[in-house]
Amino acid sequence: MNIAKDIFTYLGRSGDSIRRGAGSSNVTVVRGARLAVIDPGVWVGNAFGAVVGQMGEEGLHLEAVSHVLLTHGHWDHMNAAGYLQRRCGACLAVSAEDRAAVEDREQFFREFDQSDHKAFQSELVPLPRSLIKLILWYSFGKQPVMTVEWVVRDGDRIDVGRILEVIGVPGHTPGHVGYLVEDCGALVTGDLFDFENSIGMDVTNFRSDVSVAMKSIERVISLGPEVAIPGHGEPIVGRKNVTARLKHALANVHHYLGLTEQLLSTKAMSLTAVTEALFPSIPLSLRSMTMLMVLNMLRFLEQHGRIERTQVAKTWSWTKK
Ligand SMILES: [Zn+2]
């Protein structure tokens, strides 16, 4: 669909059905003299093939793709990038902090094993590692060999016959960036916010940081883009609408932080118990992501001295200070 002047977004597949390529992110194409593809999404299950078909209807041909720009190094956003690199010789760009995850799939597991979240593994995903890998392979496909050619930083300018500016918006991952099409004020926001799979602000993985993500949302509010194109869910058109949506995302986080603190003021609770109290009807497909978000909120409250964790037998529980 045509979102703004020569900017096309192809909505990703919802992740609530079990099929190959489900959960693939939105794909955005910016047309200048050449084409930039931002977050090409998933290749398997013809997810990217369907996008290519729709691009053809708009006269957008892969031969013209000069840049593949990633907002961050998550599989649902990037697996088709390897195909585009081989097919078009396009320049692949991502930030320094997310580069390793793009070039080496095992990095995801290495980083998880080194993270604070590792202590909660049996609650987050009660499955053996080999089975987790098999599910990921089924959903997103084999990760192709990808070589990052442009390590982007906040303020970098990418020229495809019109200028895209790199906007550093960390929080979902440490190196998460957005891409602002300068001549029309359209900002591709990646997973800065996600109302489809999350409560708005997207801190649903083990590299997320709540306070950093809040600052990034505030930055985008002050930037005032005319259009915001998220990685999941519908694009938002009109500066007022974008601002309102972002403020809603922030308000939701504060709401759930408050609720969490309130829950823990009466008794000590495990991560699982807090998640079930906050989100009693979460579908199984979103359970691990939601638990990661709750864990990140608990860590935020802990860092601010409002709650503390204690270990009983093998399970950690949380309580108000
Ligand atoms: Zn992501």
# chains A, B, ... in the order shown; residues from 1 in each chain; ligands from 1

$ residues_around --residues "Leu180 in chain A" --least-positions-apart "4" --cutoff "7 Å" --atoms "only C-alpha atoms" --output "PyMOL selection string"
chain A and resi 164-167+185-188

$ residues_around --residues "His117 in chain A" --least-positions-apart "2" --cutoff "9 Å" --atoms "only C-alpha atoms" --output "number ranges by chain"
A: 112-115, 119-121, 124, 206, 292, 295-296

$ residues_around --residues "range 21-32 of chain A" --least-positions-apart "6" --cutoff "7 Å" --atoms "only C-alpha atoms" --output "VMD selection string"
chain A and resid 6 to 15 38 to 45 47 76 to 77 139 to 140 160 to 162 231 to 232

$ residues_near_ligand --ligand "ligand 1" --cutoff "10 Å" --atoms "only C-alpha atoms and all ligand atoms" --output "number ranges by chain"
A: 25, 71-78, 172-173, 176, 190-194, 202-205, 207-208, 231-232

$ write_last_selection --atoms "C-alpha atoms" --output "PDB file, in the first residue's frame"
ATOM      1  CA  SER A  25       7.442  -7.871   9.885  1.00  0.00           C
ATOM      2  CA  THR A  71      15.986  -1.293  11.965  1.00  0.00           C
ATOM      3  CA  HIS A  72      17.493  -4.046  14.148  1.00  0.00           C
ATOM      4  CA  GLY A  73      18.768  -7.606  14.053  1.00  0.00           C
ATOM      5  CA  HIS A  74      15.651  -9.690  14.693  1.00  0.00           C
ATOM      6  CA  TRP A  75      14.800 -12.645  12.461  1.00  0.00           C
ATOM      7  CA  ASP A  76      11.243 -11.572  11.718  1.00  0.00           C
ATOM      8  CA  HIS A  77      12.637  -8.385  10.125  1.00  0.00           C
ATOM      9  CA  MET A  78      15.716  -9.546   8.298  1.00  0.00           C
ATOM     10  CA  HIS A 172      13.784  -2.560  21.836  1.00  0.00           C
ATOM     11  CA  THR A 173      17.376  -3.603  21.125  1.00  0.00           C
ATOM     12  CA  HIS A 176      17.618  -0.142  17.184  1.00  0.00           C
ATOM     13  CA  GLY A 190      10.674  -0.715  13.388  1.00  0.00           C
ATOM     14  CA  ASP A 191       9.838  -2.175  16.790  1.00  0.00           C
ATOM     15  CA  LEU A 192       9.916   1.087  18.733  1.00  0.00           C
ATOM     16  CA  PHE A 193       6.217   0.472  19.293  1.00  0.00           C
ATOM     17  CA  ASP A 194       3.930  -2.434  18.455  1.00  0.00           C
ATOM     18  CA  ASP A 202       7.890  -2.902  22.458  1.00  0.00           C
ATOM     19  CA  VAL A 203      10.280  -4.233  25.095  1.00  0.00           C
ATOM     20  CA  THR A 204       9.448  -7.879  24.490  1.00  0.00           C
ATOM     21  CA  ASN A 205      12.919  -9.385  24.239  1.00  0.00           C
ATOM     22  CA  ARG A 207      17.953  -7.118  24.917  1.00  0.00           C
ATOM     23  CA  SER A 208      15.218  -4.563  25.637  1.00  0.00           C
ATOM     24  CA  GLY A 231       7.343  -3.100  11.998  1.00  0.00           C
ATOM     25  CA  HIS A 232       4.015  -4.677  12.987  1.00  0.00           C
TER      26      HIS A 232
END

$ select_by_dssp --residues "range 31-169 of chain A" --states "alpha helix (DSSP H)" --output "ChimeraX atom specification"
/A:47-57,75-78,81-88,96-103,106-114,121-124,129-140

$ write_last_selection --atoms "C-alpha atoms" --output "compact mmCIF listing (two decimals), in the first residue's frame"
# COMPACT_ATOMS: atom_id res chain seq x y z
CA ALA A 47 6.26 -14.35 2.83
CA PHE A 48 8.78 -12.26 0.85
CA GLY A 49 7.68 -13.73 -2.49
CA ALA A 50 4.20 -12.29 -1.83
CA VAL A 51 5.77 -8.87 -1.19
CA VAL A 52 7.75 -9.07 -4.42
CA GLY A 53 4.49 -9.81 -6.28
CA GLN A 54 2.80 -6.74 -4.78
CA MET A 55 5.86 -4.58 -5.47
CA GLY A 56 5.68 -5.62 -9.14
CA GLU A 57 2.10 -4.31 -9.33
CA TRP A 75 14.80 -12.65 12.46
CA ASP A 76 11.24 -11.57 11.72
CA HIS A 77 12.64 -8.38 10.12
CA MET A 78 15.72 -9.55 8.30
CA ALA A 81 17.93 -9.62 3.39
CA GLY A 82 20.33 -12.42 2.44
CA TYR A 83 18.26 -13.17 -0.66
CA LEU A 84 18.20 -9.48 -1.65
CA GLN A 85 21.94 -9.15 -1.16
CA ARG A 86 22.59 -12.05 -3.51
CA ARG A 87 19.85 -11.14 -6.00
CA CYS A 88 20.54 -7.38 -6.32
CA ALA A 96 27.03 -1.69 15.26
CA GLU A 97 25.17 -3.05 18.31
CA ASP A 98 22.88 -5.26 16.20
CA ARG A 99 25.41 -6.29 13.57
CA ALA A 100 26.56 -9.52 15.24
CA ALA A 101 22.97 -10.82 15.41
CA VAL A 102 22.62 -10.28 11.64
CA GLU A 103 25.84 -11.99 10.68
CA GLU A 106 24.09 -18.21 17.21
CA GLN A 107 24.72 -14.72 18.61
CA PHE A 108 21.08 -14.62 19.74
CA PHE A 109 21.60 -17.64 22.00
CA ARG A 110 25.06 -16.51 23.19
CA GLU A 111 23.66 -13.15 24.26
CA PHE A 112 20.69 -14.76 25.98
CA ASP A 113 23.03 -17.06 27.91
CA GLN A 114 25.01 -14.03 29.12
CA GLN A 121 14.75 -19.43 31.21
CA SER A 122 12.60 -22.26 32.60
CA GLU A 123 9.71 -19.83 33.14
CA LEU A 124 10.19 -17.95 29.85
CA ARG A 129 17.18 -25.47 23.39
CA SER A 130 17.13 -27.87 20.41
CA LEU A 131 13.33 -27.65 20.23
CA ILE A 132 13.42 -23.84 20.48
CA LYS A 133 15.84 -23.78 17.54
CA LEU A 134 13.59 -26.08 15.54
CA ILE A 135 10.55 -23.83 16.14
CA LEU A 136 12.54 -20.75 15.13
CA TRP A 137 13.81 -22.50 12.02
CA TYR A 138 10.25 -23.48 11.10
CA SER A 139 8.89 -19.96 11.67
CA PHE A 140 11.65 -17.86 10.14

$ residues_around --residues "Trp150 in chain A" --least-positions-apart "3" --cutoff "7 Å" --atoms "only C-alpha atoms" --output "ChimeraX atom specification"
/A:92-94

$ select_by_dssp --residues "range 77-174 of chain A" --states "strand (DSSP E or B)" --output "PDB file with N, CA and C atoms, in the first residue's frame"
ATOM      1  N   CYS A  91      23.369  -3.001  -0.783  1.00  0.00           N
ATOM      2  CA  CYS A  91      24.178  -2.706   0.406  1.00  0.00           C
ATOM      3  C   CYS A  91      23.322  -2.955   1.646  1.00  0.00           C
ATOM      4  N   LEU A  92      23.808  -3.802   2.550  1.00  0.00           N
ATOM      5  CA  LEU A  92      23.042  -4.131   3.760  1.00  0.00           C
ATOM      6  C   LEU A  92      23.532  -3.275   4.925  1.00  0.00           C
ATOM      7  N   ALA A  93      22.572  -2.610   5.590  1.00  0.00           N
ATOM      8  CA  ALA A  93      22.938  -1.682   6.665  1.00  0.00           C
ATOM      9  C   ALA A  93      22.217  -2.020   7.959  1.00  0.00           C
ATOM     10  N   VAL A  94      22.956  -1.932   9.068  1.00  0.00           N
ATOM     11  CA  VAL A  94      22.379  -2.088  10.414  1.00  0.00           C
ATOM     12  C   VAL A  94      23.348  -1.411  11.377  1.00  0.00           C
ATOM     13  N   SER A  95      22.923  -1.186  12.612  1.00  0.00           N
ATOM     14  CA  SER A  95      23.795  -0.521  13.594  1.00  0.00           C
ATOM     15  C   SER A  95      24.884  -1.470  14.097  1.00  0.00           C
ATOM     16  N   TRP A 150      27.268  -1.522   5.703  1.00  0.00           N
ATOM     17  CA  TRP A 150      27.189  -0.160   6.241  1.00  0.00           C
ATOM     18  C   TRP A 150      26.735  -0.262   7.692  1.00  0.00           C
ATOM     19  N   VAL A 151      27.640   0.083   8.594  1.00  0.00           N
ATOM     20  CA  VAL A 151      27.290   0.102  10.019  1.00  0.00           C
ATOM     21  C   VAL A 151      26.755   1.505  10.314  1.00  0.00           C
ATOM     22  N   VAL A 152      25.440   1.608  10.415  1.00  0.00           N
ATOM     23  CA  VAL A 152      24.823   2.942  10.500  1.00  0.00           C
ATOM     24  C   VAL A 152      24.843   3.492  11.926  1.00  0.00           C
ATOM     25  N   ARG A 157      23.285   9.686   6.695  1.00  0.00           N
ATOM     26  CA  ARG A 157      22.345  10.001   5.614  1.00  0.00           C
ATOM     27  C   ARG A 157      22.564   9.024   4.460  1.00  0.00           C
ATOM     28  N   ILE A 158      21.476   8.413   4.039  1.00  0.00           N
ATOM     29  CA  ILE A 158      21.552   7.395   2.984  1.00  0.00           C
ATOM     30  C   ILE A 158      20.871   7.967   1.752  1.00  0.00           C
ATOM     31  N   ASP A 159      21.582   7.946   0.618  1.00  0.00           N
ATOM     32  CA  ASP A 159      21.080   8.597  -0.600  1.00  0.00           C
ATOM     33  C   ASP A 159      20.625   7.541  -1.609  1.00  0.00           C
ATOM     34  N   ILE A 163      16.852  11.439   0.381  1.00  0.00           N
ATOM     35  CA  ILE A 163      17.683  11.167   1.559  1.00  0.00           C
ATOM     36  C   ILE A 163      16.881  10.492   2.672  1.00  0.00           C
ATOM     37  N   LEU A 164      17.477   9.434   3.213  1.00  0.00           N
ATOM     38  CA  LEU A 164      16.938   8.793   4.419  1.00  0.00           C
ATOM     39  C   LEU A 164      17.927   9.063   5.549  1.00  0.00           C
ATOM     40  N   GLU A 165      17.430   9.608   6.648  1.00  0.00           N
ATOM     41  CA  GLU A 165      18.310   9.882   7.786  1.00  0.00           C
ATOM     42  C   GLU A 165      18.129   8.806   8.859  1.00  0.00           C
ATOM     43  N   VAL A 166      19.247   8.360   9.403  1.00  0.00           N
ATOM     44  CA  VAL A 166      19.200   7.347  10.461  1.00  0.00           C
ATOM     45  C   VAL A 166      18.882   8.036  11.794  1.00  0.00           C
ATOM     46  N   ILE A 167      17.832   7.550  12.461  1.00  0.00           N
ATOM     47  CA  ILE A 167      17.426   8.112  13.750  1.00  0.00           C
ATOM     48  C   ILE A 167      17.628   7.034  14.817  1.00  0.00           C
ATOM     49  N   GLY A 168      18.568   7.260  15.711  1.00  0.00           N
ATOM     50  CA  GLY A 168      18.829   6.278  16.771  1.00  0.00           C
ATOM     51  C   GLY A 168      17.670   6.229  17.765  1.00  0.00           C
TER      52      GLY A 168
END
